[in-house]
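What follows is work06.pdb (PDB, C-alpha atoms, pLDDT in the B column).
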```
MODEL        1
ATOM      1  CA  MET A 557     104.884 113.227  59.546  1.00 38.00           C
ATOM      2  CA  LEU A 558     102.638 111.397  57.117  1.00 37.00           C
ATOM      3  CA  ILE A 559     102.030 108.661  59.698  1.00 38.00           C
ATOM      4  CA  VAL A 560     101.184 111.221  62.358  1.00 39.00           C
ATOM      5  CA  CYS A 561      98.772 112.953  59.996  1.00 39.00           C
ATOM      6  CA  GLY A 562      97.278 109.582  59.104  1.00 42.00           C
ATOM      7  CA  LEU A 563      96.824 108.722  62.784  1.00 37.00           C
ATOM      8  CA  SER A 564      95.365 112.142  63.483  1.00 38.00           C
ATOM      9  CA  TRP A 565      92.890 111.643  60.670  1.00 35.00           C
ATOM     10  CA  LEU A 566      92.004 108.204  62.024  1.00 36.00           C
ATOM     11  CA  LEU A 567      91.432 109.516  65.535  1.00 36.00           C
ATOM     12  CA  LEU A 568      89.400 112.463  64.288  1.00 38.00           C
ATOM     13  CA  SER A 569      87.269 110.259  62.068  1.00 39.00           C
ATOM     14  CA  LEU A 570      86.095 108.004  64.919  1.00 41.00           C
ATOM     15  CA  PRO A 571      82.646 108.900  66.244  1.00 47.00           C
ATOM     16  CA  ALA A 572      82.826 110.915  69.459  1.00 44.00           C
ATOM     17  CA  GLN A 573      80.767 108.309  71.279  1.00 45.00           C
ATOM     18  CA  ALA A 574      83.292 105.577  70.455  1.00 49.00           C
ATOM     19  CA  LYS A 575      86.064 107.517  72.215  1.00 57.00           C
ATOM     20  CA  ALA A 576      84.268 108.929  75.248  1.00 86.00           C
ATOM     21  CA  VAL A 577      83.837 107.140  78.542  1.00 95.00           C
ATOM     22  CA  ASP A 578      81.042 108.657  80.582  1.00 97.00           C
ATOM     23  CA  ALA A 579      82.001 109.924  84.047  1.00 97.00           C
ATOM     24  CA  TYR A 580      78.803 108.405  85.517  1.00 97.00           C
ATOM     25  CA  VAL A 581      79.868 104.960  84.282  1.00 98.00           C
ATOM     26  CA  GLN A 582      83.225 105.341  85.983  1.00 97.00           C
ATOM     27  CA  ARG A 583      82.042 106.916  89.220  1.00 97.00           C
ATOM     28  CA  TYR A 584      78.646 105.404  90.003  1.00 97.00           C
ATOM     29  CA  LEU A 585      78.893 102.100  88.159  1.00 98.00           C
ATOM     30  CA  GLY A 586      82.526 101.599  89.219  1.00 97.00           C
ATOM     31  CA  VAL A 587      83.676 100.677  85.719  1.00 98.00           C
ATOM     32  CA  ARG A 588      87.230 101.670  84.860  1.00 97.00           C
ATOM     33  CA  GLU A 589      88.037  98.483  82.961  1.00 97.00           C
ATOM     34  CA  ALA A 590      85.899  95.759  81.397  1.00 98.00           C
ATOM     35  CA  VAL A 591      83.460  94.103  83.803  1.00 98.00           C
ATOM     36  CA  PRO A 592      81.701  90.731  83.445  1.00 98.00           C
ATOM     37  CA  LEU A 593      77.910  90.670  83.248  1.00 98.00           C
ATOM     38  CA  VAL A 594      75.710  87.582  83.182  1.00 98.00           C
ATOM     39  CA  MET A 595      74.565  86.857  79.639  1.00 98.00           C
ATOM     40  CA  ASN A 596      72.060  84.025  80.126  1.00 98.00           C
ATOM     41  CA  ARG A 597      70.326  81.629  82.527  1.00 97.00           C
ATOM     42  CA  GLN A 598      73.320  79.257  82.258  1.00 98.00           C
ATOM     43  CA  GLY A 599      75.462  81.895  83.986  1.00 98.00           C
ATOM     44  CA  GLU A 600      77.778  82.587  81.068  1.00 98.00           C
ATOM     45  CA  THR A 601      79.349  86.032  81.253  1.00 98.00           C
ATOM     46  CA  LYS A 602      80.658  88.583  78.788  1.00 98.00           C
ATOM     47  CA  LEU A 603      83.022  91.477  79.434  1.00 98.00           C
ATOM     48  CA  PHE A 604      81.690  94.985  78.816  1.00 98.00           C
ATOM     49  CA  SER A 605      84.161  97.854  78.542  1.00 98.00           C
ATOM     50  CA  PRO A 606      83.620 101.330  79.987  1.00 98.00           C
ATOM     51  CA  ALA A 607      83.093 102.591  76.419  1.00 98.00           C
ATOM     52  CA  ALA A 608      80.445  99.916  75.721  1.00 98.00           C
ATOM     53  CA  LEU A 609      78.550 100.815  78.901  1.00 98.00           C
ATOM     54  CA  SER A 610      78.888 104.516  78.053  1.00 98.00           C
ATOM     55  CA  ASN A 611      77.359 103.851  74.634  1.00 98.00           C
ATOM     56  CA  GLY A 612      74.502 101.947  76.311  1.00 98.00           C
ATOM     57  CA  LYS A 613      74.002 104.877  78.691  1.00 98.00           C
ATOM     58  CA  ARG A 614      73.808 107.321  75.781  1.00 97.00           C
ATOM     59  CA  PHE A 615      71.090 105.291  74.118  1.00 96.00           C
ATOM     60  CA  PHE A 616      69.225 104.965  77.425  1.00 97.00           C
ATOM     61  CA  GLU A 617      69.366 108.730  77.961  1.00 97.00           C
ATOM     62  CA  ASP A 618      68.204 109.481  74.423  1.00 95.00           C
ATOM     63  CA  ASN A 619      65.367 106.952  74.301  1.00 94.00           C
ATOM     64  CA  CYS A 620      64.445 105.447  77.683  1.00 95.00           C
ATOM     65  CA  LYS A 621      65.072 108.067  80.348  1.00 94.00           C
ATOM     66  CA  ASN A 622      61.746 109.878  79.936  1.00 93.00           C
ATOM     67  CA  CYS A 623      59.888 106.860  81.354  1.00 93.00           C
ATOM     68  CA  HIS A 624      62.734 105.226  83.295  1.00 94.00           C
ATOM     69  CA  VAL A 625      64.621 108.066  84.953  1.00 94.00           C
ATOM     70  CA  GLY A 626      66.947 106.588  87.578  1.00 95.00           C
ATOM     71  CA  GLY A 627      65.634 103.094  86.880  1.00 96.00           C
ATOM     72  CA  THR A 628      62.060 103.917  87.864  1.00 95.00           C
ATOM     73  CA  THR A 629      59.129 103.093  85.601  1.00 92.00           C
ATOM     74  CA  LEU A 630      56.839 106.086  85.435  1.00 90.00           C
ATOM     75  CA  PRO A 631      53.993 104.344  83.518  1.00 88.00           C
ATOM     76  CA  ASP A 632      53.929 101.643  86.240  1.00 88.00           C
ATOM     77  CA  PRO A 633      55.886 102.696  89.360  1.00 90.00           C
ATOM     78  CA  THR A 634      55.411  99.244  90.933  1.00 91.00           C
ATOM     79  CA  VAL A 635      57.756  97.715  88.318  1.00 92.00           C
ATOM     80  CA  PRO A 636      61.146  99.468  88.467  1.00 96.00           C
ATOM     81  CA  LEU A 637      64.372  98.472  86.754  1.00 97.00           C
ATOM     82  CA  SER A 638      65.841  97.127  89.986  1.00 97.00           C
ATOM     83  CA  LEU A 639      67.649  93.796  89.861  1.00 96.00           C
ATOM     84  CA  ASP A 640      64.953  92.137  92.002  1.00 96.00           C
ATOM     85  CA  ALA A 641      62.155  93.388  89.755  1.00 97.00           C
ATOM     86  CA  LEU A 642      63.998  92.352  86.590  1.00 98.00           C
ATOM     87  CA  LYS A 643      64.629  88.907  88.082  1.00 98.00           C
ATOM     88  CA  GLY A 644      60.959  88.534  89.096  1.00 97.00           C
ATOM     89  CA  ALA A 645      59.577  89.225  85.622  1.00 97.00           C
ATOM     90  CA  THR A 646      58.243  86.436  83.422  1.00 97.00           C
ATOM     91  CA  PRO A 647      60.454  85.558  81.698  1.00 97.00           C
ATOM     92  CA  PRO A 648      63.257  86.936  83.892  1.00 98.00           C
ATOM     93  CA  ARG A 649      65.037  90.032  82.590  1.00 98.00           C
ATOM     94  CA  ASP A 650      68.079  89.954  84.885  1.00 98.00           C
ATOM     95  CA  THR A 651      70.523  88.756  82.228  1.00 98.00           C
ATOM     96  CA  VAL A 652      71.745  90.531  79.112  1.00 98.00           C
ATOM     97  CA  GLU A 653      69.948  88.041  76.832  1.00 98.00           C
ATOM     98  CA  GLY A 654      66.745  88.209  78.892  1.00 98.00           C
ATOM     99  CA  LEU A 655      66.688  91.993  78.776  1.00 98.00           C
ATOM    100  CA  VAL A 656      67.516  92.029  75.048  1.00 98.00           C
ATOM    101  CA  ALA A 657      64.607  89.648  74.385  1.00 98.00           C
ATOM    102  CA  PHE A 658      62.306  92.012  76.289  1.00 97.00           C
ATOM    103  CA  LEU A 659      63.629  95.052  74.413  1.00 97.00           C
ATOM    104  CA  ARG A 660      63.074  93.320  71.065  1.00 97.00           C
ATOM    105  CA  GLN A 661      59.496  92.318  72.030  1.00 97.00           C
ATOM    106  CA  PRO A 662      58.248  94.095  75.167  1.00 96.00           C
ATOM    107  CA  MET A 663      55.843  92.072  77.301  1.00 95.00           C
ATOM    108  CA  VAL A 664      53.900  92.980  80.429  1.00 95.00           C
ATOM    109  CA  TYR A 665      55.620  92.026  83.688  1.00 95.00           C
ATOM    110  CA  ASP A 666      53.950  88.603  83.944  1.00 96.00           C
ATOM    111  CA  GLY A 667      54.725  87.815  80.279  1.00 96.00           C
ATOM    112  CA  SER A 668      51.084  87.219  79.397  1.00 96.00           C
ATOM    113  CA  GLU A 669      50.853  89.739  76.554  1.00 96.00           C
ATOM    114  CA  GLU A 670      52.734  92.403  74.625  1.00 95.00           C
ATOM    115  CA  THR A 671      52.967  95.838  76.140  1.00 91.00           C
ATOM    116  CA  TYR A 672      52.808  99.102  74.290  1.00 86.00           C
ATOM    117  CA  ALA A 673      54.025 101.156  77.249  1.00 87.00           C
ATOM    118  CA  CYS A 674      57.588 100.346  76.138  1.00 90.00           C
ATOM    119  CA  ARG A 675      58.459 100.467  72.455  1.00 90.00           C
ATOM    120  CA  ALA A 676      60.179  97.590  70.711  1.00 94.00           C
ATOM    121  CA  VAL A 677      63.803  98.040  69.656  1.00 95.00           C
ATOM    122  CA  PRO A 678      64.142  96.357  66.256  1.00 96.00           C
ATOM    123  CA  GLU A 679      67.437  95.145  64.765  1.00 96.00           C
ATOM    124  CA  HIS A 680      67.485  97.968  62.199  1.00 96.00           C
ATOM    125  CA  TRP A 681      67.408 100.503  65.059  1.00 94.00           C
ATOM    126  CA  LEU A 682      70.034  98.838  67.288  1.00 96.00           C
ATOM    127  CA  ASP A 683      72.184  95.945  66.153  1.00 97.00           C
ATOM    128  CA  SER A 684      73.077  93.064  68.476  1.00 97.00           C
ATOM    129  CA  GLU A 685      76.149  94.720  69.980  1.00 98.00           C
ATOM    130  CA  GLU A 686      74.385  98.044  70.600  1.00 98.00           C
ATOM    131  CA  ILE A 687      71.353  96.489  72.259  1.00 98.00           C
ATOM    132  CA  GLU A 688      73.627  94.332  74.430  1.00 98.00           C
ATOM    133  CA  ASN A 689      75.415  97.532  75.506  1.00 98.00           C
ATOM    134  CA  LEU A 690      72.048  99.059  76.447  1.00 98.00           C
ATOM    135  CA  ALA A 691      71.064  95.957  78.423  1.00 98.00           C
ATOM    136  CA  ALA A 692      74.502  95.874  80.075  1.00 98.00           C
ATOM    137  CA  PHE A 693      74.152  99.513  81.145  1.00 98.00           C
ATOM    138  CA  ILE A 694      70.734  98.824  82.697  1.00 98.00           C
ATOM    139  CA  LEU A 695      71.945  95.700  84.505  1.00 98.00           C
ATOM    140  CA  ARG A 696      75.160  97.281  85.798  1.00 98.00           C
ATOM    141  CA  SER A 697      73.109 100.265  86.985  1.00 98.00           C
ATOM    142  CA  ALA A 698      70.713  97.899  88.755  1.00 98.00           C
ATOM    143  CA  GLU A 699      73.709  96.272  90.477  1.00 97.00           C
ATOM    144  CA  LYS A 700      75.713  99.365  91.419  1.00 97.00           C
ATOM    145  CA  ALA A 701      74.040 102.755  90.942  1.00 97.00           C
ATOM    146  CA  PRO A 702      72.870 104.378  94.171  1.00 94.00           C
ATOM    147  CA  GLY A 703      69.074 104.684  94.208  1.00 93.00           C
ATOM    148  CA  TRP A 704      68.606 102.955  90.842  1.00 96.00           C
ATOM    149  CA  GLY A 705      65.227 101.262  90.474  1.00 95.00           C
ATOM    150  CA  SER A 706      63.538 102.910  93.435  1.00 89.00           C
ATOM    151  CA  THR A 707      59.739 102.728  93.719  1.00 85.00           C
ATOM    152  CA  THR A 708      59.557 105.898  95.791  1.00 77.00           C
ATOM    153  CA  PHE A 709      59.740 109.350  94.310  1.00 63.00           C
TER     154      PHE A 709
ENDMDL
END
```

Would you give me this structure, written as structure tokens?
Amino acid sequence: MLIVCGLSWLLLSLPAQAKAVDAYVQRYLGVREAVPLVMNRQGETKLFSPAALSNGKRFFEDNCKNCHVGGTTLPDPTVPLSLDALKGATPPRDTVEGLVAFLRQPMVYDGSEETYACRAVPEHWLDSEEIENLAAFILRSAEKAPGWGSTTF
């Protein structure tokens, strides 16, 4: 009984977001178990669980969706969050590390200067794991989500 109560307390004390797997992640991103995503230009991969991608989705919805609904970019509709557009940026943003670098210090598409259209995500706001989950959600969406990153409205 004491063990059961202890386990119940443990389960109840976990944040809701740590337990929940978003239905969108399962259905539209096709993630029911951990999936590999490319981390860097060397092609190294890292596995991201459904819960990790769900946490990245939550952050995206709370902070990015107003300008990037469905992977579009409302301030500049010619630069969506499609895989091709992310790959064509300077430096490329089609890997987890490349997208994290952009999120930490946003630059215009050609990399020539900082941009203020997208706010920086400092370490004190999202730690390394959280920002990787955000980047992983964006990249998996760019790979799998129907209509993600469209330039037509």

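Proximity of A:Gly599, A:Gly705, A:Pro662, A:Gly654 to Leu639 (chain A), computed with only C-alpha atoms, is greatest for A:Gly705.
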
>> Just the number, please: distance in Å from CA of Thr601 (chain A) to CA of Thr646 (chain A), one decimal.
In response: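 CA of Thr646 (chain A) lies at a distance of 21.2 Å from CA of Thr601 (chain A).
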
>> Which residues, named as in the file, does the PyMOL selection byres ((chain A and resi 603) around 10) pick out? Answer as an NGL selection string.
In response: :A and (589-595 or 601-602 or 604-606 or 608 or 692)

>> Calculated over only C-alpha atoms, which of the candidates A:Leu642, A:Cys674, A:Leu609, A:Ala701 has the smallest distance to Lys621 (chain A)?
In response: A:Cys674

> How far is it from CA of Gly612 (chain A) to CA of Ala691 (chain A), in Å with one decimal?
Replying inline: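 These two atoms are separated by 7.2 Å.
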
Quick one: what's the axis-aligned box for region 659-674 of chain A, all listed atoms, 3 Å on every side, centre and edges in Å to one decimal, as lines of an AutoDock Vina configuration file?
```
center_x = 57.2
center_y = 94.2
center_z = 77.5
size_x = 18.8
size_y = 19.9
size_z = 18.9
```

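The space between CA of Ser668 (chain A) and CA of Glu653 (chain A) spans 19.1 Å.
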
Would you tabulate, counting all atoms listed in the file, all residues of region 630-661 of chain A that have an atom at most 9 Å from an atom of region 678-681 of chain A, showing the closest pair of atoms and their distance in Å to one decimal, sorted by chain then ascending number, as a Markdown table?
```
| residue | atom | partner | partner_atom | distance |
| --- | --- | --- | --- | --- |
| A:Leu659 | CA | A:Pro678 | CA | 8.3 |
| A:Arg660 | CA | A:Pro678 | CA | 5.8 |
| A:Gln661 | CA | A:Pro678 | CA | 8.4 |
```

>> When you count only C-alpha atoms, which of these residues is closest to Glu685 (chain A): A:Asn611, A:Asn622, A:Thr671, A:Gln582?
In response: A:Asn611

>> Going by the chain IDs and residue numbers used in this file, which residues fall under the PyMOL selection byres ((chain A and resi 616) around 12)? Write them as JSON, numbers by chain.
In response: {"A": [609, 610, 611, 612, 613, 614, 615, 617, 618, 619, 620, 621, 622, 623, 624, 625, 626, 627, 659, 677, 682, 686, 687, 688, 689, 690, 691, 692, 693, 694, 695, 697]}

>> So that I can see what lies close to Arg583 (chain A), please list as a ChimeraX atom specification the residues with an atom at most 12 Å from it, counting only C-alpha atoms and leaving out residues fewer than 2 positions away in the same chain.
In response: /A:577-581,585-588,606,610,697,700-702

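Shortest atom-to-atom contact with Pro636 (chain A) among A:Phe658, A:Tyr665, A:Val652, A:Ser684: A:Tyr665, counting only C-alpha atoms.
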
>> Between A:Asp650, A:Val664, A:Ala576, A:Arg696, which residue has the minimum interatomic distance to Val635 (chain A), considering all atoms listed in the file?
In response: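 Closest to Val635 (chain A) of all the choices is A:Val664.
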
>> Considering only C-alpha atoms, can you say which of A:Ser638, A:Pro648, A:Tyr584, A:Val656 comes closest to Asp683 (chain A)?
In response: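 Under the stated criterion, the closest residue is A:Val656.
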